[in-house]
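entry_3.cif (mmCIF, C-alpha atoms) appears below.
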data_input
loop_
_atom_site.label_atom_id
_atom_site.label_comp_id
_atom_site.auth_asym_id
_atom_site.auth_seq_id
_atom_site.Cartn_x
_atom_site.Cartn_y
_atom_site.Cartn_z
CA MET C 1 -16.48 26.49 -22.46
CA THR C 2 -19.59 27.91 -23.51
CA GLY C 3 -20.72 31.15 -24.83
CA ALA C 4 -23.87 29.94 -23.26
CA HIS C 5 -24.82 32.16 -20.42
CA ARG C 6 -26.09 30.68 -17.26
CA LEU C 7 -27.00 31.64 -13.78
CA ILE C 8 -24.61 30.07 -11.32
CA ILE C 9 -26.26 28.60 -8.29
CA GLY C 10 -24.10 29.20 -5.27
CA PRO C 11 -24.28 29.22 -1.49
CA GLU C 12 -27.36 30.08 0.53
CA PRO C 13 -28.70 33.56 -0.16
CA GLN C 14 -27.51 36.17 2.27
CA ARG C 15 -29.82 38.57 4.06
CA ILE C 16 -29.91 41.86 2.22
CA ASP C 17 -31.50 45.05 3.42
CA ASP C 18 -34.54 45.56 1.17
CA SER C 19 -34.08 49.30 1.26
CA LYS C 20 -30.91 48.95 -0.81
CA ARG C 21 -30.87 49.48 -4.54
CA MET C 22 -29.05 47.77 -7.38
CA LEU C 23 -27.30 49.97 -9.90
CA ILE C 24 -27.18 48.46 -13.39
CA LYS C 25 -24.69 50.11 -15.70
CA ILE C 26 -22.57 49.38 -18.72
CA ALA C 27 -18.90 48.85 -17.92
CA THR C 28 -16.97 51.62 -19.61
CA ARG C 29 -13.85 52.30 -17.53
CA ARG C 30 -10.95 49.86 -17.78
CA SER C 31 -11.28 49.03 -14.08
CA GLU C 32 -14.96 48.14 -14.58
CA ILE C 33 -14.22 45.90 -17.56
CA LEU C 34 -11.47 44.09 -15.63
CA GLN C 35 -13.79 43.64 -12.66
CA CYS C 36 -16.37 42.00 -14.94
CA GLN C 37 -13.80 39.78 -16.66
CA TYR C 38 -12.30 38.53 -13.39
CA PHE C 39 -15.74 38.05 -11.85
CA ILE C 40 -16.94 36.00 -14.81
CA ALA C 41 -13.69 34.02 -14.93
CA GLU C 42 -13.80 33.20 -11.24
CA ILE C 43 -17.39 31.97 -11.29
CA TYR C 44 -17.06 29.98 -14.52
CA ASN C 45 -13.83 28.40 -13.32
CA SER C 46 -15.37 27.47 -10.00
CA ALA C 47 -18.46 25.93 -11.59
CA TYR C 48 -17.09 24.45 -14.81
CA ASN C 49 -13.25 24.44 -14.62
CA ILE C 50 -13.15 26.89 -17.48
CA VAL C 51 -10.42 29.45 -18.10
CA PHE C 52 -10.48 32.52 -20.31
CA SER C 53 -8.41 34.28 -22.88
CA SER C 54 -8.79 37.48 -24.82
CA ASP C 55 -6.69 36.26 -27.74
CA ILE C 56 -6.88 32.47 -27.91
CA ALA C 57 -10.00 30.38 -27.44
CA ASP C 58 -10.08 26.61 -27.60
CA LEU C 59 -13.16 24.76 -26.40
CA ASP C 60 -11.28 21.46 -26.41
CA GLN C 61 -8.89 22.94 -23.87
CA ALA C 62 -11.71 24.60 -21.91
CA ILE C 63 -10.46 28.06 -22.87
CA GLU C 64 -13.35 30.45 -23.47
CA PRO C 65 -13.35 33.75 -25.34
CA TYR C 66 -14.22 36.91 -23.45
CA PRO C 67 -17.19 39.02 -24.48
CA ASP C 68 -16.50 42.40 -26.08
CA ARG C 69 -18.78 44.49 -23.87
CA TYR C 70 -20.01 44.11 -20.29
CA VAL C 71 -22.87 45.21 -18.10
CA MET C 72 -22.64 45.20 -14.34
CA GLY C 73 -25.01 45.09 -11.36
CA LEU C 74 -23.75 46.75 -8.18
CA ILE C 75 -25.16 46.86 -4.67
CA ASP C 76 -23.38 49.26 -2.33
CA GLY C 77 -20.67 49.53 -4.95
CA LYS C 78 -20.02 45.79 -4.91
CA LEU C 79 -20.27 43.84 -8.15
CA VAL C 80 -23.00 41.22 -7.68
CA ALA C 81 -23.98 40.45 -11.28
CA ALA C 82 -22.44 40.77 -14.72
CA ALA C 83 -23.14 39.77 -18.29
CA GLY C 84 -21.39 40.18 -21.60
CA LEU C 85 -22.08 40.84 -25.23
CA TYR C 86 -20.15 39.52 -28.20
CA ILE C 87 -20.32 42.22 -30.83
CA ARG C 88 -17.64 40.99 -33.22
CA ARG C 89 -17.31 37.23 -33.34
CA THR C 90 -20.30 35.41 -31.93
CA TYR C 91 -19.99 32.11 -30.13
CA VAL C 92 -23.07 30.72 -31.85
CA ALA C 93 -21.58 31.34 -35.28
CA THR C 94 -18.04 30.28 -34.39
CA TYR C 95 -18.76 27.16 -32.38
CA GLY C 96 -22.44 26.53 -32.99
CA GLY C 97 -22.14 26.37 -36.76
CA ILE C 98 -24.96 28.86 -37.35
CA THR C 99 -24.69 30.58 -40.73
CA ASP C 100 -25.91 34.00 -41.83
CA ASP C 101 -28.35 32.27 -44.20
CA GLU C 102 -29.98 30.45 -41.30
CA ILE C 103 -30.32 33.69 -39.37
CA ASP C 104 -31.69 35.57 -42.37
CA THR C 105 -34.26 32.82 -42.96
CA LYS C 106 -35.59 33.31 -39.42
CA ILE C 107 -35.64 37.08 -39.87
CA THR C 108 -37.60 36.70 -43.10
CA GLU C 109 -40.06 34.27 -41.48
CA ALA C 110 -40.73 36.96 -38.87
CA ASN C 111 -41.28 39.60 -41.61
CA MET C 112 -38.52 41.70 -40.16
CA SER C 113 -36.01 41.76 -42.99
CA HIS C 114 -36.70 45.45 -43.50
CA ARG C 115 -35.19 46.12 -40.06
CA TYR C 116 -32.72 43.32 -39.42
CA SER C 117 -29.99 41.37 -41.17
CA ALA C 118 -27.63 38.57 -40.20
CA LYS C 119 -24.83 40.97 -41.02
CA ARG C 120 -25.68 42.82 -37.81
CA LYS C 121 -25.70 40.29 -35.04
CA ARG C 122 -24.64 40.17 -31.43
CA GLU C 123 -24.75 37.60 -28.69
CA TYR C 124 -25.78 37.93 -25.05
CA THR C 125 -23.52 35.80 -22.89
CA LYS C 126 -21.81 34.96 -19.59
CA LEU C 127 -24.50 36.02 -17.15
CA VAL C 128 -23.23 35.43 -13.62
CA VAL C 129 -24.47 36.31 -10.16
CA ARG C 130 -22.36 36.34 -7.03
CA GLY C 131 -23.06 33.11 -5.16
CA ASN C 132 -24.64 34.46 -2.01
CA TYR C 133 -26.88 36.82 -3.99
CA ASN C 134 -28.62 33.95 -5.72
CA GLY C 135 -32.16 33.03 -4.86
CA LEU C 136 -33.27 36.64 -4.40
CA GLY C 137 -34.55 37.27 -7.90
CA ILE C 138 -31.54 39.42 -8.72
CA GLY C 139 -30.32 37.19 -11.54
CA ARG C 140 -33.61 37.04 -13.34
CA PHE C 141 -34.21 40.76 -12.97
CA PHE C 142 -30.68 41.56 -14.12
CA HIS C 143 -31.16 39.29 -17.11
CA ALA C 144 -34.35 41.10 -18.10
CA ALA C 145 -33.07 44.60 -17.44
CA THR C 146 -29.89 44.05 -19.42
CA HIS C 147 -31.94 43.20 -22.49
CA SER C 148 -32.30 46.95 -22.72
CA ARG C 149 -31.43 48.49 -26.05
CA SER C 150 -29.00 50.68 -24.09
CA PHE C 151 -26.78 47.62 -23.74
CA LEU C 152 -27.72 45.48 -26.74
CA GLU C 153 -27.31 48.33 -29.23
CA ILE C 154 -24.14 49.75 -27.71
CA ASP C 155 -21.78 51.24 -30.33
CA SER C 156 -24.29 50.66 -33.11
CA SER C 157 -26.50 53.00 -35.12
CA GLU C 158 -28.60 50.20 -36.66
CA PRO C 159 -30.64 47.44 -35.01
CA ASN C 160 -28.88 44.12 -34.36
CA VAL C 161 -30.38 40.67 -33.98
CA LEU C 162 -29.41 38.90 -30.82
CA LEU C 163 -28.08 35.37 -30.65
CA VAL C 164 -27.98 33.22 -27.60
CA CYS C 165 -26.83 29.74 -26.70
CA ALA C 166 -28.02 28.03 -23.54
CA LYS C 167 -29.54 24.85 -22.23
CA GLN C 168 -33.27 24.46 -22.58
CA SER C 169 -34.06 24.89 -18.90
CA ILE C 170 -32.49 28.37 -19.03
CA TYR C 171 -34.78 29.36 -21.89
CA ARG C 172 -37.74 28.32 -19.78
CA SER C 173 -36.65 29.74 -16.43
CA MET C 174 -35.12 32.99 -17.68
CA TYR C 175 -36.27 33.95 -21.17
CA SER C 176 -39.86 32.79 -21.05
CA ALA C 177 -40.26 34.03 -17.50
CA ASN C 178 -38.93 37.43 -18.55
CA ARG C 179 -41.15 37.49 -21.64
CA ILE C 180 -38.26 37.39 -24.05
CA GLN C 181 -39.16 35.21 -27.02
CA THR C 182 -36.46 33.00 -28.51
CA ARG C 183 -36.47 31.36 -31.94
CA ILE C 184 -34.71 28.03 -32.20
CA LEU C 185 -31.95 27.88 -34.80
CA LYS C 186 -30.51 24.45 -34.14
CA PRO C 187 -29.01 22.21 -31.45
CA PHE C 188 -25.58 23.25 -30.26
CA PRO C 189 -22.85 20.76 -31.22
CA HIS C 190 -21.36 18.58 -28.54
CA TYR C 191 -18.19 19.83 -26.84
CA ALA C 192 -16.63 18.02 -23.90
CA VAL C 193 -16.21 21.35 -22.18
CA HIS C 194 -19.97 21.61 -21.71
CA GLU C 195 -20.14 18.37 -19.78
CA LYS C 196 -20.77 20.04 -16.43
CA TYR C 197 -23.33 22.47 -17.84
CA CYS C 198 -25.82 20.56 -19.96
CA SER C 199 -27.04 16.99 -20.15
CA PRO C 200 -28.95 14.78 -22.60
CA ASP C 201 -32.11 15.68 -20.68
CA ASP C 202 -31.32 19.37 -20.84
CA PRO C 203 -29.41 19.97 -24.07
CA MET C 204 -28.10 23.24 -25.42
CA ASP C 205 -29.34 24.98 -28.51
CA SER C 206 -28.70 28.18 -30.39
CA ARG C 207 -31.52 30.67 -30.71
CA LEU C 208 -32.31 34.01 -32.26
CA ILE C 209 -33.99 37.01 -30.70
CA ILE C 210 -35.35 39.82 -32.84
CA PRO C 211 -35.26 42.53 -30.20
CA GLU C 212 -38.02 44.86 -31.39
CA ILE C 213 -40.65 42.12 -31.48
CA ASP C 214 -39.24 39.50 -29.08
CA ILE C 215 -38.18 41.50 -26.04
CA ALA C 216 -40.96 42.89 -23.85
CA PRO C 217 -40.95 46.69 -24.33
CA GLN C 218 -40.61 47.28 -20.59
CA TRP C 219 -37.15 45.73 -20.82
CA TYR C 220 -36.06 46.73 -24.29
CA ASN C 221 -36.89 50.39 -23.58
CA LEU C 222 -35.50 50.39 -20.06
CA PRO C 223 -32.94 53.17 -19.75
CA LEU C 224 -29.52 52.21 -18.43
CA PRO C 225 -27.82 53.11 -16.20
CA GLY C 226 -30.63 52.70 -13.74
CA GLU C 227 -31.16 52.04 -10.05
CA PHE C 228 -33.69 49.45 -8.91
CA SER C 229 -35.13 48.76 -5.49
CA LEU C 230 -34.25 45.35 -4.10
CA GLN C 231 -37.67 45.21 -2.46
CA GLU C 232 -39.32 45.52 -5.87
CA ILE C 233 -36.95 42.99 -7.39
CA LYS C 234 -37.75 40.46 -4.66
CA GLN C 235 -41.50 41.07 -4.92
CA ARG C 236 -41.32 40.58 -8.65
CA ALA C 237 -39.39 37.33 -8.20
CA ALA C 238 -41.97 36.07 -5.71
CA LYS C 239 -44.78 36.85 -8.12
CA GLU C 240 -43.02 35.09 -10.97
CA ILE C 241 -42.54 31.97 -8.94
CA ARG C 242 -46.34 31.79 -8.69
CA ASP C 243 -46.78 32.43 -12.40
CA GLU C 244 -46.41 29.48 -14.73
CA PRO C 245 -43.78 30.41 -17.29
CA GLY C 246 -44.94 29.91 -20.84
CA PRO C 247 -43.37 27.22 -22.97
CA VAL C 248 -40.57 28.09 -25.34
CA SER C 249 -42.55 27.42 -28.48
CA TRP C 250 -40.67 28.75 -31.48
CA MET P 251 -2.77 20.61 14.48
CA SER P 252 -1.45 20.38 10.93
CA GLN P 253 -0.77 16.94 9.49
CA VAL P 254 2.00 16.43 7.00
CA GLN P 255 2.09 13.68 4.38
CA LEU P 256 4.92 13.04 1.95
CA VAL P 257 4.07 11.39 -1.34
CA GLY P 258 6.19 10.07 -4.19
CA GLU P 259 9.77 11.12 -4.71
CA TRP P 260 9.94 14.06 -2.38
CA GLN P 261 13.65 14.25 -1.67
CA SER P 262 15.48 17.30 -2.97
CA ARG P 263 18.92 17.05 -4.48
CA ILE P 264 19.36 20.76 -4.44
CA ASP P 265 21.70 21.89 -1.68
CA ASP P 266 23.06 24.99 -3.20
CA SER P 267 21.55 26.21 -6.42
CA ILE P 268 23.40 28.21 -9.03
CA THR P 269 20.21 29.73 -10.36
CA GLU P 270 17.11 30.33 -8.29
CA LEU P 271 13.92 32.19 -9.06
CA LYS P 272 10.69 32.41 -7.14
CA MET P 273 7.46 33.97 -8.31
CA ARG P 274 4.09 34.41 -6.60
CA PHE P 275 0.79 34.66 -8.38
CA VAL P 276 -2.87 35.23 -7.72
CA PRO P 277 -4.36 32.18 -9.47
CA LEU P 278 -7.32 34.22 -10.69
CA ASP P 279 -4.93 36.32 -12.80
CA LEU P 280 -4.04 33.16 -14.72
CA VAL P 281 -7.59 31.82 -14.89
CA ALA P 282 -8.72 35.16 -16.26
CA HIS P 283 -6.02 35.13 -18.95
CA TRP P 284 -4.84 31.56 -19.42
CA LYS P 285 -2.13 32.51 -21.86
CA ARG P 286 -0.26 34.01 -18.91
CA CYS P 287 0.69 30.46 -17.84
CA GLY P 288 2.56 29.97 -21.09
CA MET P 289 4.07 33.43 -20.90
CA VAL P 290 5.45 32.79 -17.40
CA ALA P 291 6.76 29.37 -18.42
CA ASP P 292 8.41 30.85 -21.51
CA PHE P 293 9.97 33.69 -19.54
CA LEU P 294 11.44 31.41 -16.87
CA ALA P 295 12.61 28.92 -19.48
CA HIS P 296 14.36 31.65 -21.47
CA PHE P 297 15.97 32.88 -18.27
CA LEU P 298 17.25 29.42 -17.38
CA ALA P 299 18.21 28.38 -20.89
CA TYR P 300 21.44 30.37 -20.78
CA ASN P 301 22.70 27.67 -18.42
CA PHE P 302 22.55 25.23 -21.35
CA GLU P 303 24.62 25.08 -24.48
CA GLU P 304 21.64 24.72 -26.82
CA THR P 305 19.47 27.48 -25.47
CA SER P 306 16.63 27.19 -27.96
CA GLU P 307 15.94 23.50 -27.37
CA ALA P 308 16.43 23.86 -23.62
CA THR P 309 13.90 26.67 -23.60
CA ASN P 310 11.29 24.48 -25.30
CA ILE P 311 11.76 21.59 -22.89
CA VAL P 312 11.88 23.64 -19.70
CA SER P 313 8.92 25.75 -20.82
CA THR P 314 6.82 22.64 -21.46
CA VAL P 315 7.58 21.25 -18.03
CA LEU P 316 7.06 24.56 -16.23
CA ASN P 317 3.78 25.19 -18.01
CA GLU P 318 2.38 21.84 -16.95
CA VAL P 319 3.37 22.30 -13.32
CA LEU P 320 2.13 25.89 -13.15
CA GLU P 321 -1.21 25.06 -14.79
CA ASN P 322 -1.78 22.30 -12.25
CA ALA P 323 -1.07 24.64 -9.35
CA VAL P 324 -3.64 27.08 -10.71
CA LYS P 325 -6.27 24.47 -11.58
CA PHE P 326 -6.10 22.86 -8.17
CA SER P 327 -6.18 26.06 -6.14
CA CYS P 328 -9.53 25.98 -4.40
CA ASP P 329 -9.59 29.72 -3.72
CA LYS P 330 -8.40 31.58 -6.76
CA HIS P 331 -7.50 34.59 -4.62
CA THR P 332 -5.04 32.68 -2.40
CA LYS P 333 -1.55 33.14 -3.79
CA ILE P 334 0.46 30.30 -5.25
CA SER P 335 4.21 30.20 -5.69
CA LEU P 336 6.51 28.78 -8.31
CA THR P 337 10.19 28.22 -7.55
CA LEU P 338 12.86 27.20 -10.00
CA ARG P 339 16.26 25.96 -8.84
CA HIS P 340 19.16 24.79 -10.96
CA THR P 341 22.46 23.33 -9.77
CA GLY P 342 23.96 22.46 -13.10
CA ASP P 343 23.23 18.76 -12.59
CA PHE P 344 19.61 19.05 -11.51
CA LEU P 345 16.64 21.24 -12.20
CA GLU P 346 13.99 21.47 -9.51
CA ILE P 347 10.59 23.07 -9.94
CA GLU P 348 8.39 23.55 -6.91
CA THR P 349 4.88 24.91 -6.62
CA THR P 350 2.81 25.69 -3.55
CA ASN P 351 -0.96 26.01 -3.60
CA VAL P 352 -3.96 25.37 -1.37
CA SER P 353 -6.48 22.82 -2.61
CA THR P 354 -9.50 20.88 -1.42
CA MET P 355 -8.88 17.61 0.40
CA ASN P 356 -10.50 15.76 -2.52
CA ASP P 357 -8.06 17.24 -5.01
CA ALA P 358 -5.17 16.55 -2.64
CA GLN P 359 -6.19 12.90 -2.34
CA SER P 360 -6.50 12.64 -6.13
CA LEU P 361 -2.94 13.91 -6.40
CA VAL P 362 -1.78 11.34 -3.84
CA GLN P 363 -3.37 8.55 -5.87
CA LYS P 364 -1.92 9.84 -9.11
CA LEU P 365 1.60 10.24 -7.71
CA THR P 366 1.42 6.80 -6.09
CA ARG P 367 0.53 5.23 -9.42
CA ILE P 368 3.14 7.22 -11.32
CA ASN P 369 5.83 6.12 -8.91
CA ASN P 370 4.79 2.47 -8.62
CA GLU P 371 3.44 1.39 -12.00
CA ASP P 372 4.98 0.99 -15.41
CA ILE P 373 4.80 4.50 -16.83
CA GLU P 374 4.21 3.40 -20.43
CA ASP P 375 1.26 1.22 -19.35
CA LEU P 376 -0.11 4.00 -17.22
CA PHE P 377 0.09 6.41 -20.14
CA VAL P 378 -1.88 4.05 -22.39
CA GLN P 379 -4.46 3.39 -19.66
CA GLN P 380 -4.98 7.11 -19.18
CA LEU P 381 -5.30 7.69 -22.92
CA GLU P 382 -8.00 5.03 -23.11
CA TYR P 383 -9.77 6.40 -20.07
CA THR P 384 -9.81 9.91 -21.50
CA ALA P 385 -11.16 8.69 -24.82
CA ALA P 386 -13.87 6.63 -23.12
CA THR P 387 -15.04 9.41 -20.83
CA ASP P 388 -14.87 12.19 -23.43
CA SER P 389 -13.37 14.38 -20.79
CA SER P 390 -11.94 17.80 -21.55
CA ALA P 391 -9.17 17.11 -19.02
CA SER P 392 -6.75 14.47 -20.30
CA GLY P 393 -5.00 13.75 -17.00
CA LEU P 394 -1.87 13.00 -18.99
CA GLY P 395 0.24 15.92 -17.82
CA LEU P 396 2.11 14.48 -14.84
CA ILE P 397 2.34 11.07 -16.47
CA SER P 398 3.97 12.65 -19.50
CA LEU P 399 6.52 14.48 -17.35
CA LYS P 400 7.65 11.18 -15.90
CA LYS P 401 7.43 9.30 -19.18
CA ASP P 402 9.08 11.88 -21.44
CA TYR P 403 11.63 13.46 -19.11
CA ASN P 404 12.13 10.79 -16.45
CA ALA P 405 11.24 13.45 -13.91
CA SER P 406 10.94 12.61 -10.23
CA LEU P 407 7.61 13.75 -8.87
CA GLY P 408 6.69 14.19 -5.23
CA ALA P 409 4.56 16.26 -2.94
CA LYS P 410 4.23 17.37 0.64
CA LEU P 411 0.64 17.73 1.79
CA ILE P 412 -0.09 19.83 4.84
CA THR P 413 -3.62 19.61 6.24
CA LEU P 414 -4.73 23.06 7.31
CA ASP P 415 -7.04 23.96 10.18
CA ASN P 416 -9.74 25.09 7.74
CA GLY P 417 -9.99 21.61 6.23
CA LYS P 418 -8.05 22.56 3.12
CA CYS P 419 -4.68 21.21 2.14
CA GLU P 420 -1.50 23.05 1.27
CA ILE P 421 0.31 21.19 -1.48
CA VAL P 422 3.99 21.64 -2.10
CA PHE P 423 4.62 19.86 -5.37
CA ARG P 424 8.18 19.15 -6.42
CA LEU P 425 9.57 18.01 -9.75
CA LEU P 426 13.21 17.09 -10.13
CA MET P 427 14.94 16.49 -13.45
CA ALA P 428 18.51 15.57 -14.15
CA THR P 429 19.90 18.07 -16.62
CA ASP P 430 21.33 15.07 -18.46
CA GLU P 431 17.74 14.27 -19.44
CA ILE P 432 17.36 17.71 -20.95
CA GLU P 433 20.68 17.40 -22.78
CA LYS P 434 19.64 13.96 -24.00
CA ARG P 435 16.37 15.34 -25.35
CA ILE P 436 18.27 18.15 -27.03
CA GLY P 437 20.51 15.54 -28.63
CA ASP P 438 17.46 13.61 -29.86
CA ALA P 439 15.89 16.70 -31.39
#

What would the structure in this file look like if it were written as structure tokens?
Amino acid sequence: MTGAHRLIIGPEPQRIDDSKRMLIKIATRRSEILQCQYFIAEIYNSAYNIVFSSDIADLDQAIEPYPDRYVMGLIDGKLVAAAGLYIRRTYVATYGGITDDEIDTKITEANMSHRYSAKRKREYTKLVVRGNYNGLGIGRFFHAATHSRSFLEIDSSEPNVLLVCAKQSIYRSMYSANRIQTRILKPFPHYAVHEKYCSPDDPMDSRLIIPEIDIAPQWYNLPLPGEFSLQEIKQRAAKEIRDEPGPVSW
Amino acid sequence: MSQVQLVGEWQSRIDDSITELKMRFVPLDLVAHWKRCGMVADFLAHFLAYNFEETSEATNIVSTVLNEVLENAVKFSCDKHTKISLTLRHTGDFLEIETTNVSTMNDAQSLVQKLTRINNEDIEDLFVQQLEYTAATDSSASGLGLISLKKDYNASLGAKLITLDNGKCEIVFRLLMATDEIEKRIGDA
């Protein structure tokens, strides 16, 4: 299914000791990468009947490609959140029909062609949160924190633009709320495999993020690995619920 | 107390198999790398194919059937950590493939309905109806798998459903094919 990342809504949130901390780190060891892959596969399969493959992908058969890099969120050593990054073949280009010319046009419109090029692009994808850790603000915080250059620029010496594909409600509830600007490229084509994810009222589209100007510096410059207090994460989530997220207006 | 329900053509014709293989899997391993379903089906089919004269064609047919049955067992496992099993038995005259998995009651009842239709309706009509339904609903799941096994290989399909105390259902699915059908398909190829 989709390269679109989404927060899976699961069972009721569990009670978590506020004094605990979440460690956010990039998966580097083979065991960490496997943990992330199986975690993502389990949640996507449960929610959308999707399966995964590292060498064949076929949206018509609901077989999704794995990301190339992973970032993980751990509480007491337990994996509670993960996300991926396509650094070779992006979903938006492969399945969304977005061309380098379209990306370069957006970069030029933003007067950033001296720093960025469609030749260097990545895609943030497959954000998942363990079911009973939903509703605590962990997902939104993890989403923001993993827009750190430590993750987005992994294995790269030059800046990369970031692609993303999601339904519109995710852009409002996650990106706008986290002060990450997104620039609309075009609607994502229809695939039957997305039928449980999006709807005519909440369609998917492909967007571009130019990290240096679109991601709030507090997130883009956040060093990873890092440990974050759950109490602060929950307080931040509570505050954001009161704030009205800005419209996605690109 | 567990309740047991038999559906479709459940009877086994395997008293004493010549060849028998049983494998257990964690469904999540297959969900995480879907190609493993095909690899397992190919491996078992290659293993069994030596019992046939035309090993290459037999491999293709048996692999196709095994893949369909294994994929269903994985798809309809409600907890992807609870192990499933796949058993292959061959007597020379019959090939029997059996899977065991735990599913939701809804999925179990869907299987009951599907097997009831497969065993009671004209299979060609049912195939066309399902094709039309899939096209109309634009679904990513065709629902043609089991129907095709009956239609293309004249396979007997049955299941034993055991209601578990936790409200889930253990499904033992059984497919029986006469090896004559395989030989006939090889002859047609």

Residues matched by the PyMOL selection byres ((chain P) within 12 of (chain C)), written as a tab-separated table (two decimals) with C-alpha atoms, in the coordinates of the input:
chain	number	residue	atom	x	y	z
P	276	VAL	CA	-2.87	35.23	-7.72
P	277	PRO	CA	-4.36	32.18	-9.47
P	278	LEU	CA	-7.32	34.22	-10.69
P	279	ASP	CA	-4.93	36.32	-12.80
P	280	LEU	CA	-4.04	33.16	-14.72
P	281	VAL	CA	-7.59	31.82	-14.89
P	282	ALA	CA	-8.72	35.16	-16.26
P	283	HIS	CA	-6.02	35.13	-18.95
P	284	TRP	CA	-4.84	31.56	-19.42
P	285	LYS	CA	-2.13	32.51	-21.86
P	286	ARG	CA	-0.26	34.01	-18.91
P	287	CYS	CA	0.69	30.46	-17.84
P	288	GLY	CA	2.56	29.97	-21.09
P	321	GLU	CA	-1.21	25.06	-14.79
P	322	ASN	CA	-1.78	22.30	-12.25
P	324	VAL	CA	-3.64	27.08	-10.71
P	325	LYS	CA	-6.27	24.47	-11.58
P	326	PHE	CA	-6.10	22.86	-8.17
P	327	SER	CA	-6.18	26.06	-6.14
P	328	CYS	CA	-9.53	25.98	-4.40
P	329	ASP	CA	-9.59	29.72	-3.72
P	330	LYS	CA	-8.40	31.58	-6.76
P	331	HIS	CA	-7.50	34.59	-4.62
P	384	THR	CA	-9.81	9.91	-21.50
P	385	ALA	CA	-11.16	8.69	-24.82
P	386	ALA	CA	-13.87	6.63	-23.12
P	387	THR	CA	-15.04	9.41	-20.83
P	388	ASP	CA	-14.87	12.19	-23.43
P	389	SER	CA	-13.37	14.38	-20.79
P	390	SER	CA	-11.94	17.80	-21.55
P	391	ALA	CA	-9.17	17.11	-19.02
P	392	SER	CA	-6.75	14.47	-20.30

Matched chain/residue IDs from the PyMOL selection byres ((chain P and resi 308) around 12), as a PyMOL selection string: chain P and resi 292+294-307+309-316+345+429-437+439

Hey, can you pull every residue with an atom no more than 12 Å from (8.7, 37.3, -11.3), using only C-alpha atoms, and send it as a VMD selection string? chain P and resid 270 to 275 289 to 291 293 to 294 297 335 to 338

Would you save the residues of that selection, restricted to C-alpha atoms, as a compact mmCIF listing (two decimals), in the coordinates of the input?
# COMPACT_ATOMS: atom_id res chain seq x y z
CA GLU P 270 17.11 30.33 -8.29
CA LEU P 271 13.92 32.19 -9.06
CA LYS P 272 10.69 32.41 -7.14
CA MET P 273 7.46 33.97 -8.31
CA ARG P 274 4.09 34.41 -6.60
CA PHE P 275 0.79 34.66 -8.38
CA MET P 289 4.07 33.43 -20.90
CA VAL P 290 5.45 32.79 -17.40
CA ALA P 291 6.76 29.37 -18.42
CA PHE P 293 9.97 33.69 -19.54
CA LEU P 294 11.44 31.41 -16.87
CA PHE P 297 15.97 32.88 -18.27
CA SER P 335 4.21 30.20 -5.69
CA LEU P 336 6.51 28.78 -8.31
CA THR P 337 10.19 28.22 -7.55
CA LEU P 338 12.86 27.20 -10.00

Just want the 7 Å neighbourhood of C:Leu162, counted on all atoms listed in the file, with same-chain residues fewer than 4 positions away dropped. Output as an mmCIF file with C-alpha atoms, keeping the file's coordinate frame.
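Result went into out-v1.cif, see below:
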data_model
loop_
_atom_site.group_PDB
_atom_site.id
_atom_site.type_symbol
_atom_site.label_atom_id
_atom_site.label_comp_id
_atom_site.auth_asym_id
_atom_site.auth_seq_id
_atom_site.Cartn_x
_atom_site.Cartn_y
_atom_site.Cartn_z
ATOM 1 C CA LYS C 121 -25.700 40.290 -35.040
ATOM 2 C CA ARG C 122 -24.640 40.170 -31.430
ATOM 3 C CA GLU C 123 -24.750 37.600 -28.690
ATOM 4 C CA TYR C 124 -25.780 37.930 -25.050
ATOM 5 C CA LEU C 208 -32.310 34.010 -32.260
ATOM 6 C CA ILE C 209 -33.990 37.010 -30.700
ATOM 7 C CA ILE C 210 -35.350 39.820 -32.840
ATOM 8 C CA PRO C 211 -35.260 42.530 -30.200
#

Contact residues around stretch 79-83 of chain C with all atoms listed in the file at 9 Å, ignoring same-chain residues under 6 positions, as a PyMOL selection string: chain C and resi 5+22+24+35-37+39-40+67+69-73+124-133+138-139+142-143+146

Take the residues just selected and output them with C-alpha atoms as a short mmCIF file (atom, residue, chain, number, x, y, z; two decimals), in the frame of the given file.
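Just written: result24.cif:
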data_model
loop_
_atom_site.label_atom_id
_atom_site.label_comp_id
_atom_site.auth_asym_id
_atom_site.auth_seq_id
_atom_site.Cartn_x
_atom_site.Cartn_y
_atom_site.Cartn_z
CA HIS C 5 -24.82 32.16 -20.42
CA MET C 22 -29.05 47.77 -7.38
CA ILE C 24 -27.18 48.46 -13.39
CA GLN C 35 -13.79 43.64 -12.66
CA CYS C 36 -16.37 42.00 -14.94
CA GLN C 37 -13.80 39.78 -16.66
CA PHE C 39 -15.74 38.05 -11.85
CA ILE C 40 -16.94 36.00 -14.81
CA PRO C 67 -17.19 39.02 -24.48
CA ARG C 69 -18.78 44.49 -23.87
CA TYR C 70 -20.01 44.11 -20.29
CA VAL C 71 -22.87 45.21 -18.10
CA MET C 72 -22.64 45.20 -14.34
CA GLY C 73 -25.01 45.09 -11.36
CA TYR C 124 -25.78 37.93 -25.05
CA THR C 125 -23.52 35.80 -22.89
CA LYS C 126 -21.81 34.96 -19.59
CA LEU C 127 -24.50 36.02 -17.15
CA VAL C 128 -23.23 35.43 -13.62
CA VAL C 129 -24.47 36.31 -10.16
CA ARG C 130 -22.36 36.34 -7.03
CA GLY C 131 -23.06 33.11 -5.16
CA ASN C 132 -24.64 34.46 -2.01
CA TYR C 133 -26.88 36.82 -3.99
CA ILE C 138 -31.54 39.42 -8.72
CA GLY C 139 -30.32 37.19 -11.54
CA PHE C 142 -30.68 41.56 -14.12
CA HIS C 143 -31.16 39.29 -17.11
CA THR C 146 -29.89 44.05 -19.42
#
